[in-house]
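Source file: work.cif. Holds: mmCIF, C-alpha atoms and all ligand atoms.
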```
data_structure
loop_
_atom_site.label_atom_id
_atom_site.label_comp_id
_atom_site.auth_asym_id
_atom_site.auth_seq_id
_atom_site.Cartn_x
_atom_site.Cartn_y
_atom_site.Cartn_z
CA MET A 1 20.81 20.13 4.74
CA THR A 2 18.88 16.85 4.73
CA PRO A 3 15.77 17.25 6.88
CA LEU A 4 15.07 15.12 9.96
CA VAL A 5 11.38 14.24 9.99
CA LEU A 6 9.19 12.55 12.59
CA ALA A 7 6.37 10.85 10.67
CA PHE A 8 3.05 9.23 11.55
CA GLU A 9 0.80 6.88 9.60
CA THR A 10 -2.62 6.02 11.06
CA SER A 11 -4.90 5.80 8.02
CA CYS A 12 -6.16 2.30 8.70
CA ASP A 13 -5.23 -0.46 11.14
CA GLU A 14 -1.52 0.10 11.79
CA THR A 15 -0.23 2.76 14.14
CA ALA A 16 3.15 3.58 12.61
CA VAL A 17 5.83 6.07 13.61
CA ALA A 18 9.19 6.69 11.93
CA VAL A 19 12.14 9.03 12.06
CA VAL A 20 13.78 9.63 8.69
CA LYS A 21 16.61 11.80 7.45
CA GLY A 22 15.89 12.43 3.79
CA ARG A 23 15.65 8.94 2.28
CA GLU A 24 17.42 7.31 5.20
CA VAL A 25 15.23 5.53 7.74
CA LEU A 26 16.58 5.98 11.28
CA SER A 27 13.70 4.12 12.93
CA SER A 28 10.38 2.75 11.72
CA ILE A 29 8.06 0.90 14.05
CA LEU A 30 4.45 -0.07 14.08
CA SER A 31 1.81 -1.56 16.25
CA SER A 32 -0.51 -3.76 14.25
CA GLN A 33 -4.16 -4.04 15.19
CA VAL A 34 -4.71 -7.17 13.08
CA ASP A 35 -5.70 -9.29 16.10
CA LEU A 36 -8.23 -6.69 17.27
CA HIS A 37 -10.06 -6.72 13.91
CA ALA A 38 -9.63 -10.38 12.89
CA ARG A 39 -12.72 -11.56 14.74
CA PHE A 40 -14.84 -9.02 12.83
CA GLY A 41 -13.41 -10.17 9.47
CA GLY A 42 -12.47 -6.60 8.58
CA VAL A 43 -11.26 -3.30 10.01
CA VAL A 44 -13.79 -1.67 12.38
CA PRO A 45 -13.20 2.11 12.10
CA GLU A 46 -14.12 2.99 15.68
CA VAL A 47 -11.96 0.20 17.12
CA ALA A 48 -9.07 1.32 14.90
CA ALA A 49 -9.27 4.95 16.04
CA ARG A 50 -9.30 4.01 19.73
CA ALA A 51 -6.35 1.67 19.32
CA HIS A 52 -4.38 4.45 17.58
CA VAL A 53 -5.05 6.75 20.55
CA GLU A 54 -3.65 4.17 22.96
CA ALA A 55 -0.60 3.25 20.88
CA ILE A 56 0.61 6.55 19.49
CA ARG A 57 2.38 8.10 22.49
CA PRO A 58 4.45 5.08 23.60
CA LEU A 59 5.25 4.31 19.96
CA THR A 60 6.49 7.86 19.36
CA HIS A 61 8.75 7.59 22.38
CA ARG A 62 10.17 4.29 21.10
CA ALA A 63 10.69 5.59 17.56
CA LEU A 64 12.66 8.57 18.88
CA VAL A 65 14.76 6.43 21.25
CA GLU A 66 15.53 3.87 18.51
CA SER A 67 16.53 6.62 16.07
CA GLY A 68 18.90 8.22 18.55
CA VAL A 69 17.42 11.59 17.59
CA HIS A 70 16.66 14.19 20.23
CA PRO A 71 13.28 15.88 19.61
CA ALA A 72 15.04 19.25 19.64
CA ASP A 73 16.95 18.24 16.49
CA LEU A 74 13.84 17.51 14.40
CA ASP A 75 13.15 19.70 11.35
CA ALA A 76 9.51 18.79 10.74
CA VAL A 77 6.61 16.57 11.76
CA ALA A 78 4.49 14.77 9.16
CA ALA A 79 1.37 12.63 9.09
CA THR A 80 -0.89 10.93 6.59
CA ALA A 81 -3.74 13.30 5.72
CA GLY A 82 -5.75 10.83 3.60
CA PRO A 83 -7.14 8.75 2.05
CA GLY A 84 -8.21 6.48 4.90
CA LEU A 85 -10.65 6.11 7.77
CA VAL A 86 -11.51 9.56 9.09
CA GLY A 87 -11.32 8.72 12.81
CA ALA A 88 -8.06 6.84 12.36
CA LEU A 89 -6.51 9.61 10.26
CA LEU A 90 -7.49 12.25 12.80
CA VAL A 91 -5.49 10.56 15.57
CA GLY A 92 -2.12 10.65 13.77
CA HIS A 93 -2.81 13.97 12.05
CA SER A 94 -3.83 15.78 15.25
CA PHE A 95 -1.02 14.23 17.28
CA ALA A 96 1.52 15.25 14.64
CA LYS A 97 0.14 18.78 14.39
CA ALA A 98 0.18 19.21 18.16
CA THR A 99 3.75 17.94 18.35
CA ALA A 100 4.83 20.27 15.55
CA PHE A 101 3.02 23.24 17.09
CA ALA A 102 4.51 22.66 20.54
CA ARG A 103 8.01 22.52 19.08
CA GLN A 104 7.47 25.33 16.58
CA LEU A 105 8.23 23.01 13.67
CA PRO A 106 6.61 22.88 10.24
CA PHE A 107 3.82 20.30 9.79
CA ILE A 108 3.40 18.37 6.56
CA GLY A 109 0.24 16.44 5.68
CA VAL A 110 1.07 13.62 3.27
CA ASP A 111 -1.07 11.73 0.77
CA HIS A 112 -1.03 8.06 1.79
CA MET A 113 -0.79 6.90 -1.83
CA GLU A 114 2.10 9.27 -2.52
CA GLY A 115 3.75 7.67 0.50
CA HIS A 116 3.44 4.24 -1.14
CA LEU A 117 4.57 5.75 -4.44
CA MET A 118 7.71 7.22 -2.88
CA ALA A 119 8.56 4.15 -0.76
CA PRO A 120 10.91 2.70 -3.42
CA ARG A 121 13.13 5.77 -2.95
CA ILE A 122 14.21 4.37 0.42
CA GLU A 123 16.06 1.43 -1.11
CA PHE A 124 16.62 2.38 -4.75
CA ASP A 125 18.82 5.24 -5.99
CA THR A 126 17.54 4.24 -9.44
CA PHE A 127 13.95 5.12 -8.58
CA GLN A 128 13.60 8.35 -10.53
CA PRO A 129 10.81 9.66 -12.74
CA PRO A 130 9.72 9.19 -15.46
CA ALA A 131 8.40 5.90 -14.12
CA VAL A 132 5.31 3.78 -14.10
CA VAL A 133 4.18 2.85 -10.59
CA LEU A 134 1.77 0.09 -9.63
CA LEU A 135 -0.02 0.85 -6.35
CA ALA A 136 -2.15 -1.96 -4.96
CA SER A 137 -3.48 -1.94 -1.42
CA GLY A 138 -6.63 -2.65 0.54
CA GLY A 139 -8.37 0.45 -0.78
CA HIS A 140 -6.67 1.19 -4.11
CA SER A 141 -5.37 -0.36 -7.30
CA GLN A 142 -3.79 2.24 -9.52
CA ILE A 143 -1.32 2.40 -12.37
CA ILE A 144 0.35 5.78 -12.36
CA HIS A 145 2.66 7.46 -14.83
CA ALA A 146 4.96 9.58 -12.67
CA ARG A 147 6.39 12.13 -15.11
CA ASP A 148 8.07 13.92 -12.22
CA TRP A 149 7.65 14.00 -8.44
CA GLY A 150 4.23 15.49 -7.87
CA GLU A 151 3.29 15.14 -11.55
CA TYR A 152 1.22 12.02 -11.60
CA GLN A 153 -1.04 10.82 -14.38
CA LEU A 154 -3.53 8.16 -13.35
CA MET A 155 -3.42 5.73 -16.28
CA GLY A 156 -5.68 3.05 -14.85
CA GLU A 157 -7.41 1.88 -11.73
CA THR A 158 -9.92 -0.68 -10.57
CA ILE A 159 -13.47 -0.23 -11.74
CA ASP A 160 -14.79 -2.09 -8.67
CA ASP A 161 -12.82 -3.77 -5.84
CA ALA A 162 -9.21 -2.92 -5.00
CA ALA A 163 -6.77 -5.83 -5.37
CA GLY A 164 -6.25 -6.13 -1.60
CA GLU A 165 -9.99 -6.02 -1.03
CA ALA A 166 -10.34 -8.83 -3.60
CA PHE A 167 -7.72 -10.90 -1.74
CA ASP A 168 -9.55 -10.27 1.54
CA LYS A 169 -12.99 -11.20 0.17
CA LEU A 170 -11.71 -14.26 -1.72
CA ALA A 171 -9.87 -15.50 1.37
CA ARG A 172 -13.13 -15.38 3.28
CA LEU A 173 -14.82 -17.47 0.56
CA LEU A 174 -11.98 -19.99 0.86
CA GLY A 175 -12.48 -20.16 4.64
CA LEU A 176 -9.19 -18.39 5.36
CA GLY A 177 -8.56 -15.65 7.94
CA PHE A 178 -8.17 -11.87 7.79
CA PRO A 179 -6.32 -10.10 6.26
CA GLY A 180 -6.76 -12.37 3.29
CA GLY A 181 -3.73 -11.43 1.17
CA PRO A 182 -1.08 -13.04 3.36
CA GLU A 183 -3.42 -16.00 4.02
CA ILE A 184 -3.86 -16.73 0.30
CA ASP A 185 -0.14 -16.15 -0.29
CA ARG A 186 0.63 -18.86 2.31
CA ALA A 187 -2.19 -21.22 1.29
CA ALA A 188 -1.07 -21.07 -2.36
CA GLU A 189 2.39 -22.37 -1.52
CA GLY A 190 3.12 -25.45 -3.62
CA GLY A 191 -0.27 -25.15 -5.35
CA ASP A 192 -0.76 -25.29 -9.12
CA PRO A 193 -1.76 -21.82 -10.44
CA ARG A 194 -3.25 -23.48 -13.53
CA ALA A 195 -5.39 -25.99 -11.61
CA VAL A 196 -8.54 -23.92 -12.05
CA SER A 197 -8.92 -21.39 -14.83
CA PHE A 198 -10.87 -18.49 -13.35
CA PRO A 199 -12.00 -15.94 -15.93
CA ARG A 200 -10.01 -12.68 -16.14
CA ALA A 201 -12.23 -9.63 -16.48
CA ILE A 202 -11.15 -7.46 -19.38
CA PRO A 203 -12.47 -3.93 -18.82
CA ASP A 204 -12.69 -2.05 -22.10
CA ARG A 205 -10.06 0.44 -20.99
CA PRO A 206 -6.42 -0.57 -21.49
CA TYR A 207 -5.02 -0.02 -18.00
CA HIS A 208 -8.06 -0.62 -15.81
CA VAL A 209 -8.64 -3.75 -13.75
CA SER A 210 -11.73 -5.36 -12.29
CA PHE A 211 -12.08 -8.02 -9.60
CA SER A 212 -15.76 -8.28 -8.72
CA GLY A 213 -16.42 -10.83 -11.49
CA LEU A 214 -13.67 -13.04 -10.10
CA LYS A 215 -15.38 -13.06 -6.73
CA THR A 216 -18.64 -14.23 -8.30
CA SER A 217 -16.95 -16.91 -10.36
CA VAL A 218 -14.94 -18.26 -7.40
CA SER A 219 -18.06 -18.31 -5.26
CA THR A 220 -20.02 -20.25 -7.93
CA TYR A 221 -17.10 -22.62 -8.46
CA LEU A 222 -16.78 -23.37 -4.74
CA ARG A 223 -20.49 -23.98 -4.34
CA LYS A 224 -20.55 -26.41 -7.28
CA THR A 225 -17.42 -28.37 -6.45
CA ARG A 226 -18.23 -28.57 -2.73
CA ARG A 227 -21.62 -30.00 -3.58
CA SER A 228 -20.23 -32.56 -6.02
CA GLY A 229 -17.26 -33.40 -3.80
CA GLU A 230 -14.85 -32.41 -6.59
CA LEU A 231 -13.16 -29.53 -4.79
CA PRO A 232 -9.40 -29.64 -5.55
CA PRO A 233 -6.85 -29.21 -2.75
CA LEU A 234 -6.90 -25.76 -1.12
CA ALA A 235 -3.35 -25.00 -2.32
CA ASP A 236 -4.44 -25.41 -5.96
CA VAL A 237 -7.55 -23.25 -5.59
CA ALA A 238 -5.66 -20.56 -3.66
CA ALA A 239 -2.84 -20.55 -6.23
CA SER A 240 -5.38 -20.26 -9.07
CA VAL A 241 -7.26 -17.40 -7.39
CA GLN A 242 -3.98 -15.62 -6.67
CA GLU A 243 -2.85 -16.12 -10.27
CA ALA A 244 -6.02 -14.47 -11.60
CA ILE A 245 -5.39 -11.31 -9.54
CA VAL A 246 -1.67 -11.27 -10.25
CA ASP A 247 -2.24 -11.79 -14.00
CA ALA A 248 -4.56 -8.80 -14.20
CA LEU A 249 -2.19 -6.49 -12.29
CA VAL A 250 0.93 -7.59 -14.17
CA ASP A 251 -0.73 -7.53 -17.58
CA LYS A 252 -2.05 -3.98 -17.21
CA THR A 253 1.10 -2.67 -15.54
CA MET A 254 3.40 -4.02 -18.24
CA ARG A 255 1.10 -2.64 -20.92
CA ALA A 256 1.51 0.79 -19.30
CA VAL A 257 5.29 0.34 -19.20
CA ASP A 258 5.38 -0.65 -22.89
CA ASP A 259 3.09 2.16 -24.03
CA THR A 260 4.85 4.93 -22.10
CA GLY A 261 8.31 3.58 -22.95
CA VAL A 262 9.58 4.27 -19.40
CA LYS A 263 12.62 2.36 -18.18
CA VAL A 264 11.74 2.45 -14.47
CA LEU A 265 8.94 0.52 -12.80
CA GLY A 266 8.09 1.22 -9.16
CA ALA A 267 5.53 -0.50 -6.98
CA GLY A 268 3.98 -0.21 -3.56
CA GLY A 269 1.00 -0.99 -1.35
CA GLY A 270 0.28 -4.04 0.78
CA VAL A 271 -0.54 -6.33 -2.14
CA LEU A 272 3.02 -5.92 -3.39
CA ALA A 273 4.07 -8.08 -0.43
CA ASN A 274 2.59 -10.98 -2.43
CA ARG A 275 5.35 -13.40 -3.40
CA ARG A 276 3.82 -14.50 -6.69
CA LEU A 277 3.20 -10.88 -7.76
CA ARG A 278 6.78 -9.95 -6.88
CA ALA A 279 8.20 -12.87 -8.85
CA ARG A 280 6.05 -12.12 -11.91
CA LEU A 281 6.98 -8.42 -11.90
CA GLU A 282 10.66 -9.34 -11.63
CA GLU A 283 10.40 -11.68 -14.63
CA GLU A 284 8.52 -9.19 -16.78
CA ALA A 285 10.76 -6.26 -15.93
CA ALA A 286 13.93 -8.29 -16.55
CA SER A 287 12.70 -9.51 -19.93
CA ARG A 288 12.21 -5.88 -21.01
CA GLY A 289 15.39 -4.46 -19.53
CA VAL A 290 13.27 -2.28 -17.23
CA THR A 291 14.62 -1.39 -13.75
CA LEU A 292 12.19 -2.71 -11.15
CA CYS A 293 12.15 -0.77 -7.87
CA LEU A 294 10.16 -3.05 -5.62
CA PRO A 295 10.49 -2.27 -1.90
CA ALA A 296 10.99 -4.97 0.74
CA PRO A 297 7.59 -6.34 1.86
CA ALA A 298 7.66 -4.32 5.11
CA LEU A 299 7.95 -1.13 3.06
CA CYS A 300 5.09 -2.21 0.74
CA THR A 301 2.57 -2.61 3.55
CA ASP A 302 1.60 0.48 5.55
CA ASN A 303 4.46 2.14 7.40
CA ALA A 304 5.46 5.63 8.51
CA ALA A 305 8.90 5.66 6.87
CA MET A 306 7.30 6.19 3.46
CA ILE A 307 5.30 9.13 4.87
CA GLY A 308 8.49 10.64 6.28
CA VAL A 309 10.34 10.27 2.99
CA ALA A 310 7.51 11.90 1.03
CA ALA A 311 7.32 14.72 3.61
CA GLY A 312 11.08 15.27 3.47
CA HIS A 313 10.90 15.59 -0.30
CA TRP A 314 8.22 18.28 -0.13
CA LEU A 315 9.86 20.07 2.77
CA GLU A 316 13.04 20.43 0.72
CA LYS A 317 10.94 21.95 -2.06
CA GLY A 318 9.50 24.42 0.47
CA HIS A 319 6.02 22.92 0.72
CA ILE A 320 4.53 22.82 4.19
CA SER A 321 0.93 22.43 5.30
CA ASP A 322 -1.27 25.03 6.87
CA TRP A 323 -2.19 24.55 10.54
CA ALA A 324 -5.82 24.49 9.43
CA ALA A 325 -5.25 21.73 6.84
CA PRO A 326 -7.89 19.04 7.39
CA VAL A 327 -7.72 15.28 6.94
CA ASP A 328 -9.43 14.08 3.77
CA PRO A 329 -10.69 10.47 3.87
CA GLY A 330 -11.47 10.52 0.13
CA ARG A 331 -8.27 12.28 -0.96
CA ARG A 332 -7.15 11.54 -4.54
CA LEU A 333 -3.52 11.66 -5.57
O1 LIG A 401 -1.18 -0.87 1.90
P1 LIG A 401 -1.83 -1.71 2.93
O2 LIG A 401 -0.96 -2.28 4.03
O3 LIG A 401 -3.00 -0.93 3.61
C1 LIG A 401 -3.85 -0.10 2.86
O4 LIG A 401 -3.45 1.06 2.59
O5 LIG A 401 -4.91 -0.62 2.45
O6 LIG A 401 -2.57 -2.92 2.17
C2 LIG A 401 -3.35 -3.85 2.86
C3 LIG A 401 -3.80 -4.90 1.87
C4 LIG A 401 -4.77 -5.92 2.47
O7 LIG A 401 -5.90 -6.04 1.63
C5 LIG A 401 -3.97 -7.20 2.50
O8 LIG A 401 -4.76 -8.37 2.33
C6 LIG A 401 -3.02 -7.00 1.34
O9 LIG A 401 -2.68 -5.65 1.38
N1 LIG A 401 -1.81 -7.83 1.49
C7 LIG A 401 -1.50 -8.83 0.62
C8 LIG A 401 -0.33 -9.46 1.14
N2 LIG A 401 0.03 -8.80 2.28
C9 LIG A 401 -0.90 -7.81 2.47
N3 LIG A 401 -2.10 -9.24 -0.50
C10 LIG A 401 -1.56 -10.30 -1.14
N4 LIG A 401 -0.46 -10.96 -0.70
C11 LIG A 401 0.18 -10.57 0.42
N5 LIG A 401 1.26 -11.24 0.85
ZN ZN A 402 -1.54 1.62 2.30
#
```
File written out as structure tokens:
Amino acid sequence: MTPLVLAFETSCDETAVAVVKGREVLSSILSSQVDLHARFGGVVPEVAARAHVEAIRPLTHRALVESGVHPADLDAVAATAGPGLVGALLVGHSFAKATAFARQLPFIGVDHMEGHLMAPRIEFDTFQPPAVVLLASGGHSQIIHARDWGEYQLMGETIDDAAGEAFDKLARLLGLGFPGGPEIDRAAEGGDPRAVSFPRAIPDRPYHVSFSGLKTSVSTYLRKTRRSGELPPLADVAASVQEAIVDALVDKTMRAVDDTGVKVLGAGGGVLANRRLRARLEEEAASRGVTLCLPAPALCTDNAAMIGVAAGHWLEKGHISDWAAPVDPGRRL
């Protein structure tokens, strides 16, 4: 029997609740805190935790109503257990545990990155291991060889900033708002990605990426060209910055695909909402005859449906969490 799961995701700045039946999403809603944090130029942990507390009950009610599922029919309750902001995680995790306990249902704590990794399952029957998966979000940039579900080999990751973090910091340098990824994505529209050639860091490990050098070089470039009045149009600079990040991610990901010989490429995390990155991955996968399983943008950014799908998978395998299971802000997949 396919399990009906009520799932919560509160690791960062989105309060998200979903009801899923196996890989089928019956409802998935979220309340974004972007406006609350924008004036600080980043997510303020304490503000995030308080906003989760306010949003979680009404959101749960809405998710259940939209799904048409009666709470008595649920099979399990799941929540992100980490990585993330500890106060934010605790809200969803504790709420989920309490709900599960009150209804005598199993509770499943889910790894946020495994949620992103399993998100392609929602839309793609073809998403099956062995696969290479690119995960790029605000806190992580990882290239993973999924030999099987739960059997993940970390091939490469960032040696400094995560790709989303790089987008956010570079957007600030360009005078754009927060979060920076969507801002650069929009600002780059119609721009020439070859207008400015920013250096690509080449870490001495084959699948690792690095973005802190890019930040320094963009900052130096902006200072110089602003002073001399030679600053090109914003669209060109934004497109060039975006291209540098996209190049690094695509180059290392495709190298991992070639070296492992897998025929399936999955991807997830907020940065995968980037239009240029999506287009480049599509081109590269098609030219190799590799099946690309790239979720719709709303399933790339944080959501609770992916947590529910991952939980359902483990529930079917008989894995449930202990009532005493803690949140782990530094959890590693
Ligand atoms: O996965 P996610 O929603 O939250 C975390 O788990 O971190 O990722 C958020 C990150 C932010 O850094 C944001 O700037 C980036 O994803 N992002 C994008 C785009 N949309 C969101 N980066 C580039 N282009 C986008 N369109
Ligand atoms: Zn995420």
Task: Thr301 (chain A) environment, 8 Å, only C-alpha atoms, sequence neighbours closer than 4 positions dropped, as a PyMOL selection string - done: chain A and resi 137+268-273+297
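Using all atoms listed in the file, the smallest distance between any of A:Ala131, A:Ile122, A:Val246, A:Ala102 and Tyr152 (chain A) comes from A:Ala131.
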Open item on the list: I need the residue nearest Met306 (chain A) from this list: A:Val91, A:Ala188, A:Ala119, A:Val19. Use all atoms listed in the file for the distance.
Closed with: A:Ala119
Find the axis-aligned box for region 2-18 of chain A, covering all its listed atoms and adding 6 Å on each side, and write its centre and edge lengths in Å to one decimal as lines of an AutoDock Vina configuration file.
```
center_x = 6.4
center_y = 8.4
center_z = 9.4
size_x = 37.0
size_y = 29.7
size_z = 21.4
```
Task: Straight-line distance linking CA of Asp251 (chain A) with CA of Asn274 (chain A), stated in Å to one decimal - done: 15.9 Å
Near-Gln242 (chain A) list (9 Å; all atoms listed in the file; drop same-chain fewer than 3 positions) as a PDB file with C-alpha atoms, in the frame of the given file:
```pdb
ATOM      1  CA  PHE A 167      -7.720 -10.900  -1.740  1.00  0.00           C
ATOM      2  CA  GLY A 181      -3.730 -11.430   1.170  1.00  0.00           C
ATOM      3  CA  ILE A 184      -3.860 -16.730   0.300  1.00  0.00           C
ATOM      4  CA  ASP A 185      -0.140 -16.150  -0.290  1.00  0.00           C
ATOM      5  CA  ALA A 188      -1.070 -21.070  -2.360  1.00  0.00           C
ATOM      6  CA  PRO A 193      -1.760 -21.820 -10.440  1.00  0.00           C
ATOM      7  CA  VAL A 237      -7.550 -23.250  -5.590  1.00  0.00           C
ATOM      8  CA  ALA A 238      -5.660 -20.560  -3.660  1.00  0.00           C
ATOM      9  CA  ALA A 239      -2.840 -20.550  -6.230  1.00  0.00           C
ATOM     10  CA  ILE A 245      -5.390 -11.310  -9.540  1.00  0.00           C
ATOM     11  CA  VAL A 246      -1.670 -11.270 -10.250  1.00  0.00           C
ATOM     12  CA  ASP A 247      -2.240 -11.790 -14.000  1.00  0.00           C
ATOM     13  CA  ARG A 276       3.820 -14.500  -6.690  1.00  0.00           C
ATOM     14  CA  LEU A 277       3.200 -10.880  -7.760  1.00  0.00           C
TER      15      LEU A 277
END
```
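Environment of ligand ZN 402 (chain A), defined as every protein or nucleic acid residue with an atom within 8 Å of it and counting all atoms listed in the file, comprises A:Ser11, A:Cys12, A:His112, A:Met113, A:His116, A:Ser137, A:Gly138, A:Gly139, A:Gly269, A:Gly270, A:Cys300, A:Thr301, A:Asp302, A:Asn303.
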- [ ] Enter the distance from atom C6 of ligand LIG 401 (chain A) to CA of Ala244 (chain A), in Å, rounded to one decimal.
- [x] 15.2 Å
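With distances taken over only C-alpha atoms and all ligand atoms, A:Glu243 is the one residue among A:Glu123, A:Glu243, A:Asp236, A:Glu66 lying closest to ligand LIG 401 (chain A).
Atom to atom, CA of Val43 (chain A) and atom C3 of ligand LIG 401 (chain A) stand 11.2 Å apart.
Each of A:Ile144, A:Val133, A:Met155, A:Ala187 was checked against Cys293 (chain A) using all atoms listed in the file; the smallest atom-to-atom distance is that of A:Val133.
Take the candidates A:Val327, A:Phe8, A:Gly41, A:Gly87 and check each one against Thr60 (chain A) using only C-alpha atoms; the shortest distance goes to A:Phe8.
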Task: Counting all atoms listed in the file, the option among A:Gly164, A:Gly92, A:Pro329, A:Gly261 closest to ligand LIG 401 (chain A) - done: A:Gly164
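By chain and then residue number, the residues within 10 Å of Asp328 (chain A) are Thr80, Ala81, Gly82, Pro83, Gly84, Leu85, Val86, Leu89, Leu90, Asp111, Ala325, Arg331 and Arg332 of chain A, counting all atoms listed in the file and disregarding those fewer than 3 positions away in sequence.
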